[in-house]
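Here is the file entry.txt (compact mmCIF, C-alpha atoms (C1' of nucleotides)).
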```txt
# COMPACT_ATOMS: atom_id res chain seq x y z
CA MET D 22 -41.29 46.76 -112.31
CA ASN D 23 -43.40 43.72 -113.15
CA ILE D 24 -46.34 42.67 -111.05
CA SER D 25 -44.54 40.14 -108.88
CA ALA D 26 -41.87 42.67 -107.89
CA ALA D 27 -44.56 45.24 -107.10
CA ALA D 28 -46.57 42.70 -105.14
CA GLN D 29 -43.55 41.69 -103.10
CA ALA D 30 -42.63 45.32 -102.46
CA ALA D 31 -46.18 45.99 -101.29
CA GLY D 32 -46.44 42.82 -99.24
CA LEU D 33 -49.42 41.54 -101.19
CA PRO D 34 -50.12 38.44 -103.31
CA VAL D 35 -49.93 38.95 -107.07
CA LYS D 36 -53.55 37.90 -107.40
CA THR D 37 -54.61 40.62 -105.00
CA VAL D 38 -52.69 43.31 -106.86
CA ARG D 39 -54.43 42.33 -110.08
CA TYR D 40 -57.75 42.23 -108.27
CA TYR D 41 -57.35 45.77 -106.92
CA ALA D 42 -56.84 47.07 -110.43
CA ASP D 43 -59.75 44.98 -111.77
CA ILE D 44 -62.20 46.55 -109.35
CA GLY D 45 -60.75 50.01 -109.90
CA LEU D 46 -59.42 50.39 -106.37
CA VAL D 47 -56.10 51.43 -107.89
CA ALA D 48 -55.59 52.86 -111.36
CA ALA D 49 -55.03 50.38 -114.17
CA PRO D 50 -51.25 50.10 -114.56
CA ALA D 51 -49.40 50.83 -117.79
CA ARG D 52 -48.57 47.85 -119.99
CA SER D 53 -45.32 46.75 -121.59
CA ALA D 54 -45.13 45.88 -125.29
CA ALA D 55 -45.93 42.29 -124.42
CA GLY D 56 -48.95 43.31 -122.35
CA TYR D 57 -47.28 42.95 -118.94
CA ARG D 58 -48.45 45.27 -116.17
CA VAL D 59 -45.80 47.85 -115.27
CA TYR D 60 -45.70 49.36 -111.79
CA ASP D 61 -43.75 52.25 -110.32
CA GLY D 62 -42.95 53.42 -106.80
CA SER D 63 -46.05 55.56 -106.57
CA ALA D 64 -48.31 52.63 -107.38
CA VAL D 65 -46.51 50.50 -104.82
CA ARG D 66 -47.01 53.17 -102.14
CA LYS D 67 -50.74 53.09 -102.83
CA LEU D 68 -50.77 49.30 -102.57
CA VAL D 69 -48.96 49.47 -99.23
CA PHE D 70 -51.49 52.02 -98.05
CA ILE D 71 -54.32 49.68 -98.97
CA ARG D 72 -52.63 46.70 -97.33
CA ARG D 73 -52.32 48.61 -94.06
CA ALA D 74 -55.91 49.79 -94.23
CA ARG D 75 -57.07 46.22 -94.91
CA GLU D 76 -55.04 45.03 -91.93
CA PHE D 77 -57.15 47.36 -89.80
CA GLY D 78 -60.16 45.61 -91.23
CA PHE D 79 -61.40 48.45 -93.41
CA GLY D 80 -63.57 47.14 -96.24
CA ILE D 81 -62.69 47.74 -99.86
CA GLU D 82 -65.09 50.69 -100.13
CA ASP D 83 -63.59 52.32 -97.07
CA CYS D 84 -60.15 51.75 -98.59
CA ARG D 85 -61.35 53.50 -101.72
CA ASP D 86 -62.46 56.49 -99.67
CA LEU D 87 -59.31 56.52 -97.56
CA LEU D 88 -57.13 56.31 -100.63
CA GLY D 89 -58.99 59.29 -102.09
CA LEU D 90 -58.33 61.23 -98.91
CA TYR D 91 -54.71 60.11 -98.91
CA LYS D 92 -54.21 61.51 -102.39
CA ASP D 93 -56.10 64.71 -101.63
CA ARG D 94 -53.75 67.13 -99.90
CA ASP D 95 -56.66 69.44 -99.09
CA ARG D 96 -58.71 66.83 -97.27
CA CYS D 97 -60.23 67.54 -93.88
CA SER D 98 -58.94 65.23 -91.20
CA ALA D 99 -62.55 65.10 -90.04
CA GLU D 100 -63.46 62.93 -93.00
CA VAL D 101 -60.69 60.49 -92.22
CA LYS D 102 -61.58 60.44 -88.56
CA GLN D 103 -65.19 59.69 -89.33
CA ILE D 104 -64.30 56.60 -91.35
CA ALA D 105 -61.88 55.40 -88.70
CA ALA D 106 -64.35 56.03 -85.90
CA ARG D 107 -66.96 54.00 -87.73
CA ARG D 108 -64.52 51.12 -88.03
CA LEU D 109 -63.71 51.45 -84.35
CA GLU D 110 -67.39 51.09 -83.55
CA GLN D 111 -67.58 47.96 -85.67
CA ILE D 112 -64.62 46.55 -83.79
CA GLU D 113 -66.20 47.37 -80.46
CA ALA D 114 -69.50 45.80 -81.47
CA LYS D 115 -67.67 42.64 -82.48
CA GLN D 116 -65.74 42.68 -79.22
CA ARG D 117 -68.95 42.88 -77.22
CA GLU D 118 -70.43 40.02 -79.22
CA LEU D 119 -67.36 37.85 -78.72
CA GLN D 120 -67.20 38.71 -75.04
CA SER D 121 -70.75 37.52 -74.58
CA LEU D 122 -70.15 34.34 -76.57
CA HIS D 123 -66.94 33.65 -74.71
CA SER D 124 -68.56 34.09 -71.36
CA GLU D 125 -71.41 31.70 -72.12
CA LEU D 126 -69.35 29.10 -73.91
CA SER D 127 -66.51 29.04 -71.39
CA HIS D 128 -68.98 28.38 -68.57
CA LEU D 129 -70.41 25.47 -70.51
CA VAL D 130 -66.98 24.05 -71.36
CA GLU D 131 -65.88 24.30 -67.73
CA ALA D 132 -69.05 22.56 -66.60
CA CYS D 133 -68.53 19.67 -69.00
CA ARG D 134 -66.55 16.83 -67.50
CA GLY D 135 -65.27 15.73 -70.89
CA ASP D 136 -65.04 12.04 -70.09
CA SER D 137 -66.58 8.95 -71.61
CA ARG D 138 -70.00 9.46 -70.05
CA PRO D 139 -72.79 10.92 -72.21
CA ASP D 140 -74.20 13.63 -69.99
CA CYS D 141 -73.06 17.00 -71.21
CA PRO D 142 -74.17 20.51 -70.25
CA ILE D 143 -73.15 21.80 -73.68
CA ILE D 144 -75.52 19.48 -75.51
CA ASP D 145 -78.17 20.11 -72.86
CA TYR D 146 -77.90 23.83 -73.46
CA LEU D 147 -78.14 23.52 -77.23
CA GLY D 148 -80.91 20.93 -77.34
CA MET Z 11 -96.43 21.65 -90.71
CA ASN Z 12 -95.32 23.52 -93.80
CA ILE Z 13 -91.89 25.06 -94.09
CA SER Z 14 -92.83 28.56 -92.97
CA ALA Z 15 -94.43 27.30 -89.77
CA ALA Z 16 -91.39 25.14 -89.07
CA ALA Z 17 -89.02 28.00 -89.81
CA GLN Z 18 -90.93 30.31 -87.51
CA ALA Z 19 -91.00 27.69 -84.76
CA ALA Z 20 -87.25 27.21 -85.13
CA GLY Z 21 -86.48 30.91 -85.35
CA LEU Z 22 -84.86 30.59 -88.77
CA PRO Z 23 -85.59 32.05 -92.21
CA VAL Z 24 -87.40 29.75 -94.62
CA LYS Z 25 -84.47 29.95 -97.04
CA THR Z 26 -82.12 28.73 -94.36
CA VAL Z 27 -84.30 25.76 -93.47
CA ARG Z 28 -84.32 24.69 -97.12
CA TYR Z 29 -80.59 25.25 -97.31
CA TYR Z 30 -79.90 23.00 -94.32
CA ALA Z 31 -81.76 20.17 -96.01
CA ASP Z 32 -80.06 20.84 -99.35
CA ILE Z 33 -76.60 20.40 -97.84
CA GLY Z 34 -77.69 17.38 -95.84
CA LEU Z 35 -77.26 19.03 -92.45
CA VAL Z 36 -80.76 17.86 -91.58
CA ALA Z 37 -82.60 14.97 -93.18
CA ALA Z 38 -84.65 15.74 -96.27
CA PRO Z 39 -88.21 16.29 -95.03
CA ALA Z 40 -91.20 14.29 -96.23
CA ARG Z 41 -93.29 15.82 -99.00
CA SER Z 42 -97.02 16.38 -99.29
CA ALA Z 43 -98.93 15.27 -102.39
CA ALA Z 44 -98.27 18.67 -103.93
CA GLY Z 45 -94.55 18.43 -103.21
CA TYR Z 46 -94.56 20.71 -100.17
CA ARG Z 47 -92.00 19.96 -97.47
CA VAL Z 48 -93.63 18.60 -94.31
CA TYR Z 49 -91.96 19.09 -90.93
CA ASP Z 50 -92.70 17.66 -87.50
CA GLY Z 51 -91.67 18.55 -83.95
CA SER Z 52 -88.57 16.42 -84.06
CA ALA Z 53 -87.28 18.19 -87.16
CA VAL Z 54 -88.00 21.56 -85.55
CA ARG Z 55 -86.03 20.56 -82.45
CA LYS Z 56 -83.05 19.76 -84.64
CA LEU Z 57 -83.36 23.11 -86.40
CA VAL Z 58 -83.45 24.91 -83.07
CA PHE Z 59 -80.35 22.99 -82.00
CA ILE Z 60 -78.55 24.12 -85.13
CA ARG Z 61 -79.67 27.71 -84.70
CA ARG Z 62 -78.26 27.80 -81.18
CA ALA Z 63 -75.00 26.22 -82.28
CA ARG Z 64 -74.71 28.72 -85.14
CA GLU Z 65 -75.33 31.55 -82.67
CA PHE Z 66 -72.23 30.34 -80.83
CA GLY Z 67 -70.39 30.69 -84.12
CA PHE Z 68 -69.94 26.98 -84.80
CA GLY Z 69 -69.44 26.33 -88.50
CA ILE Z 70 -71.75 24.10 -90.48
CA GLU Z 71 -69.42 21.13 -90.23
CA ASP Z 72 -69.17 21.53 -86.46
CA CYS Z 73 -72.95 21.72 -86.36
CA ARG Z 74 -73.08 18.48 -88.29
CA ASP Z 75 -70.82 16.83 -85.75
CA LEU Z 76 -72.65 18.33 -82.78
CA LEU Z 77 -76.00 17.23 -84.19
CA GLY Z 78 -74.64 13.71 -84.56
CA LEU Z 79 -73.55 13.76 -80.92
CA TYR Z 80 -76.92 15.24 -79.90
CA LYS Z 81 -78.73 12.34 -81.50
CA ASP Z 82 -76.30 9.75 -80.14
CA ARG Z 83 -77.33 8.88 -76.58
CA ASP Z 84 -74.11 6.93 -76.11
CA ARG Z 85 -71.80 9.81 -76.98
CA CYS Z 86 -68.82 10.72 -74.82
CA SER Z 87 -69.07 14.24 -73.46
CA ALA Z 88 -65.35 14.42 -74.27
CA GLU Z 89 -66.16 14.64 -77.96
CA VAL Z 90 -68.56 17.50 -77.41
CA LYS Z 91 -66.14 19.26 -75.14
CA GLN Z 92 -63.37 19.02 -77.71
CA ILE Z 93 -65.44 20.73 -80.39
CA ALA Z 94 -66.56 23.45 -77.99
CA ALA Z 95 -63.04 24.00 -76.70
CA ARG Z 96 -61.79 24.42 -80.24
CA ARG Z 97 -64.46 27.04 -80.86
CA LEU Z 98 -63.48 28.77 -77.64
CA GLU Z 99 -59.90 28.98 -78.87
CA GLN Z 100 -61.09 30.52 -82.13
CA ILE Z 101 -63.06 33.09 -80.17
CA GLU Z 102 -60.06 33.89 -78.01
CA ALA Z 103 -57.80 34.26 -81.04
CA LYS Z 104 -60.28 36.66 -82.62
CA GLN Z 105 -60.52 38.57 -79.36
CA ARG Z 106 -56.76 39.01 -79.23
CA GLU Z 107 -56.74 40.20 -82.82
CA LEU Z 108 -59.53 42.70 -82.21
CA GLN Z 109 -57.90 43.88 -79.01
CA SER Z 110 -54.72 44.67 -80.88
CA LEU Z 111 -56.58 46.42 -83.70
CA HIS Z 112 -58.67 48.37 -81.26
CA SER Z 113 -55.68 49.53 -79.30
CA GLU Z 114 -53.84 50.79 -82.36
CA LEU Z 115 -56.82 52.34 -84.07
CA SER Z 116 -58.22 54.04 -80.99
CA HIS Z 117 -54.86 55.73 -80.37
CA LEU Z 118 -54.90 57.03 -83.92
CA VAL Z 119 -58.49 58.22 -83.72
CA GLU Z 120 -57.83 60.01 -80.44
CA ALA Z 121 -54.76 61.69 -81.90
CA CYS Z 122 -56.69 62.96 -84.92
CA ARG Z 123 -58.22 66.38 -84.36
CA GLY Z 124 -60.97 65.73 -86.87
CA ASP Z 125 -61.33 69.29 -88.05
CA SER Z 126 -61.07 70.98 -91.43
CA ARG Z 127 -57.27 70.91 -91.53
CA PRO Z 128 -55.57 68.25 -93.62
CA ASP Z 129 -52.93 66.89 -91.24
CA CYS Z 130 -54.01 63.55 -89.91
CA PRO Z 131 -52.13 60.92 -87.92
CA ILE Z 132 -54.37 58.18 -89.32
CA ILE Z 133 -53.41 58.93 -92.92
CA ASP Z 134 -49.80 59.42 -91.84
CA TYR Z 135 -49.77 55.99 -90.26
CA LEU Z 136 -51.28 54.28 -93.29
CA GLY Z 137 -49.22 56.10 -95.94
C1' DG M 26 -32.17 25.84 -128.33
C1' DT M 27 -34.56 24.83 -124.57
C1' DA M 28 -36.07 24.72 -119.91
C1' DA M 29 -37.64 27.34 -116.19
C1' DT M 30 -39.90 31.07 -114.77
C1' DC M 31 -42.59 34.69 -115.56
C1' DC M 32 -46.84 36.87 -117.47
C1' DT M 33 -51.73 37.01 -119.47
C1' DT M 34 -56.93 35.97 -119.36
C1' DC M 35 -60.69 33.25 -117.86
C1' DC M 36 -63.53 30.60 -114.95
C1' DC M 37 -64.69 28.21 -110.70
C1' DG M 38 -64.75 27.84 -105.59
C1' DT M 39 -64.93 29.62 -100.83
C1' DG M 40 -69.14 30.15 -96.21
C1' DA M 41 -73.45 30.49 -95.25
C1' DC M 42 -76.62 32.08 -96.79
C1' DT M 43 -79.97 35.89 -99.37
C1' DG M 44 -82.68 37.83 -103.22
C1' DG M 45 -85.34 37.22 -107.01
C1' DA M 46 -87.64 35.15 -111.13
C1' DA M 47 -90.86 31.85 -113.08
C1' DG M 48 -94.32 28.99 -112.11
C1' DG M 49 -97.44 25.52 -109.33
C1' DT M 50 -100.90 25.07 -105.03
C1' DC M 51 -104.19 26.24 -101.62
C1' DA M 52 -107.84 28.72 -98.83
C1' DA M 53 -111.09 32.41 -98.58
C1' DG M 54 -114.34 35.59 -100.45
C1' DG M 55 -117.69 37.16 -103.97
C1' DC J 17 -116.74 29.10 -110.48
C1' DC J 18 -113.41 32.51 -110.43
C1' DT J 19 -110.22 35.35 -108.63
C1' DT J 20 -107.03 37.08 -105.41
C1' DG J 21 -103.41 36.62 -102.45
C1' DA J 22 -100.48 33.96 -99.75
C1' DC J 23 -97.98 30.13 -99.84
C1' DC J 24 -94.96 26.67 -102.00
C1' DT J 25 -91.48 24.79 -105.59
C1' DT J 26 -86.94 24.95 -108.37
C1' DC J 27 -83.12 27.26 -110.16
C1' DC J 28 -79.85 31.01 -110.86
C1' DA J 29 -77.16 34.81 -109.33
C1' DG J 30 -74.97 37.64 -105.88
C1' DT J 31 -72.57 38.56 -101.48
C1' DC J 32 -66.87 39.61 -99.74
C1' DA J 33 -62.27 39.58 -100.94
C1' DC J 34 -59.92 37.11 -102.86
C1' DG J 35 -57.37 32.03 -104.15
C1' DG J 36 -56.61 27.93 -107.29
C1' DG J 37 -55.71 26.33 -111.46
C1' DA J 38 -55.87 25.78 -116.62
C1' DA J 39 -54.40 27.24 -121.21
C1' DG J 40 -51.31 29.73 -123.59
C1' DG J 41 -47.76 33.61 -124.68
C1' DA J 42 -43.11 36.15 -123.13
C1' DT J 43 -38.74 36.47 -121.09
C1' DT J 44 -34.51 34.94 -119.21
C1' DA J 45 -30.53 31.87 -118.04
C1' DC J 46 -27.68 28.46 -119.43
```

The structure in this file should be written as structure tokens.
Amino acid sequence: MNISAAAQAAGLPVKTVRYYADIGLVAAPARSAAGYRVYDGSAVRKLVFIRRAREFGFGIEDCRDLLGLYKDRDRCSAEVKQIAARRLEQIEAKQRELQSLHSELSHLVEACRGDSRPDCPIIDYLG
Amino acid sequence: MNISAAAQAAGLPVKTVRYYADIGLVAAPARSAAGYRVYDGSAVRKLVFIRRAREFGFGIEDCRDLLGLYKDRDRCSAEVKQIAARRLEQIEAKQRELQSLHSELSHLVEACRGDSRPDCPIIDYLG
DNA sequence: GTAATCCTTCCCGTGACTGGAAGGTCAAGG
DNA sequence: CCTTGACCTTCCAGTCACGGGAAGGATTAC
């Protein structure tokens, strides 16, 4: 399996697959005689795992830890849960921030007539 | 007014104030005989304006446009409203994304016992 | 044989700064 | 007058997680 087949199977761009090996997030793949990277099903499963974790917004370092726990059959689920709970807190913090921004900005947008006249509560608020 | 006084008055780091002049977001300040940047109240007001816009999450280019509209007494409020409405849509899109992530991840975290045993719905879902 | 498609490495760019090094300037105290 | 410390300057590098593209070698299909 060459890199483009592996990337497609994992649902990732080729560049990203190379990048993950460069930073040591996945093991460096074997090479063909011509120097091409050679992937197998196990490597693809790890790439899929990382893609899903990234879709949840886990950072690369969290992915590294999660992948370690994935490969370790003797892990404690507590370790996994701790990482996930931390991410959940990040998400909730961001949600609170966005909620506050949305509330303020939507009031301003509603109060702005949006016509050809210059008076504007949005500008007034910022200035 | 030297840069640190201006930065403090605007509520921004010194580095950021320099950066905004470097990229032409604000006009290059006058210089003292020794080459120090010299700021006045008008420049500080513009920096405060940018800080508030950035706090709403407007990008630098939006800030550039908003600052232009701020300085233009003949602006149409419609132009301001359009920029703000676009930002509001970005916020709402991000909120939907986070809502979806939160829903999925919180279910997984709740379903994970988080003890010393290895079975873990979070890892199962990712793998 | 050759053209198209793959693969490789390498370097630069993203957004909006932030940190730090090397060196010049200024005000206060001894 | 000298020093000390706080300020200022420029420039370079790093952040995060890649993406774009160039230069050049390998493989594959016709």

>> Please determine, counting all atoms listed in the file, which residue among Z:Ile13, Z:Ala95, Z:Ile132, Z:Leu76 has the shortest atom-to-atom distance to Arg73 in chain D.
In response: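 Nearest candidate to Arg73 in chain D out of Z:Ile13, Z:Ala95, Z:Ile132, Z:Leu76: Z:Ile132.
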
> Taking all atoms listed in the file into account, what are the residues of chain J at most 12 Å from chain Z, put as a VMD selection string?
Replying inline: chain J and resid 22 to 26

> For Ser127 in chain D, which residue among Z:Ala43, Z:Lys104, Z:Ser87, Z:Phe66 is the nearest when counting only C-alpha atoms?
Replying inline: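 Closest residue, counting only C-alpha atoms: Z:Phe66.
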
> Would you list which chain M residues are within 12 Å of chain D using only C-alpha atoms (C1' of nucleotides), as a PyMOL selection string?
Replying inline: chain M and resi 30-34

> Could you name the residues that touch Gly135 in chain D at 10 Å or less, counting all atoms listed in the file, but leaving out those on the same chain fewer than 4 positions away, as a PyMOL selection string?
Replying inline: (chain D and resi 130-131+139-141) or (chain Z and resi 86-92)

Identify, on the basis of only C-alpha atoms (C1' of nucleotides), every residue whose closest approach to Ala26 in chain D does not exceed 10 Å; exclude the query and any residue fewer than 5 positions from it along the same chain; express the result as a tab-separated table (two decimals) with C-alpha atoms, in the coordinates of the input.
```tsv
chain	number	residue	atom	x	y	z
D	31	ALA	CA	-46.18	45.99	-101.29
D	32	GLY	CA	-46.44	42.82	-99.24
D	35	VAL	CA	-49.93	38.95	-107.07
D	59	VAL	CA	-45.80	47.85	-115.27
D	60	TYR	CA	-45.70	49.36	-111.79
D	65	VAL	CA	-46.51	50.50	-104.82
```

>> What's the separation between CA of Arg55 in chain Z and CA of Gly148 in chain D, in Å to one decimal place?
In response: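 Spanning CA of Arg55 in chain Z to CA of Gly148 in chain D is a straight-line distance of 7.2 Å.
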
For range 26-36 of chain J, what centre and edge lengths in Å (one decimal) does the axis-aligned box get once 8 Å is added on each side of all its listed atoms, as lines of an AutoDock Vina configuration file?
```
center_x = -71.8
center_y = 32.3
center_z = -105.3
size_x = 46.3
size_y = 30.7
size_z = 27.1
```

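Residue nearest chain Z, chosen from D:Ala132, D:Arg108, D:Phe70, D:Asp43 and counting all atoms listed in the file: D:Phe70.
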
>> Quick one: residues within 8 Å of range 80-83 of chain D, only C-alpha atoms (C1' of nucleotides), excluding same-chain residues fewer than 5 positions away - as a PyMOL selection string?
In response: chain D and resi 46+75+104
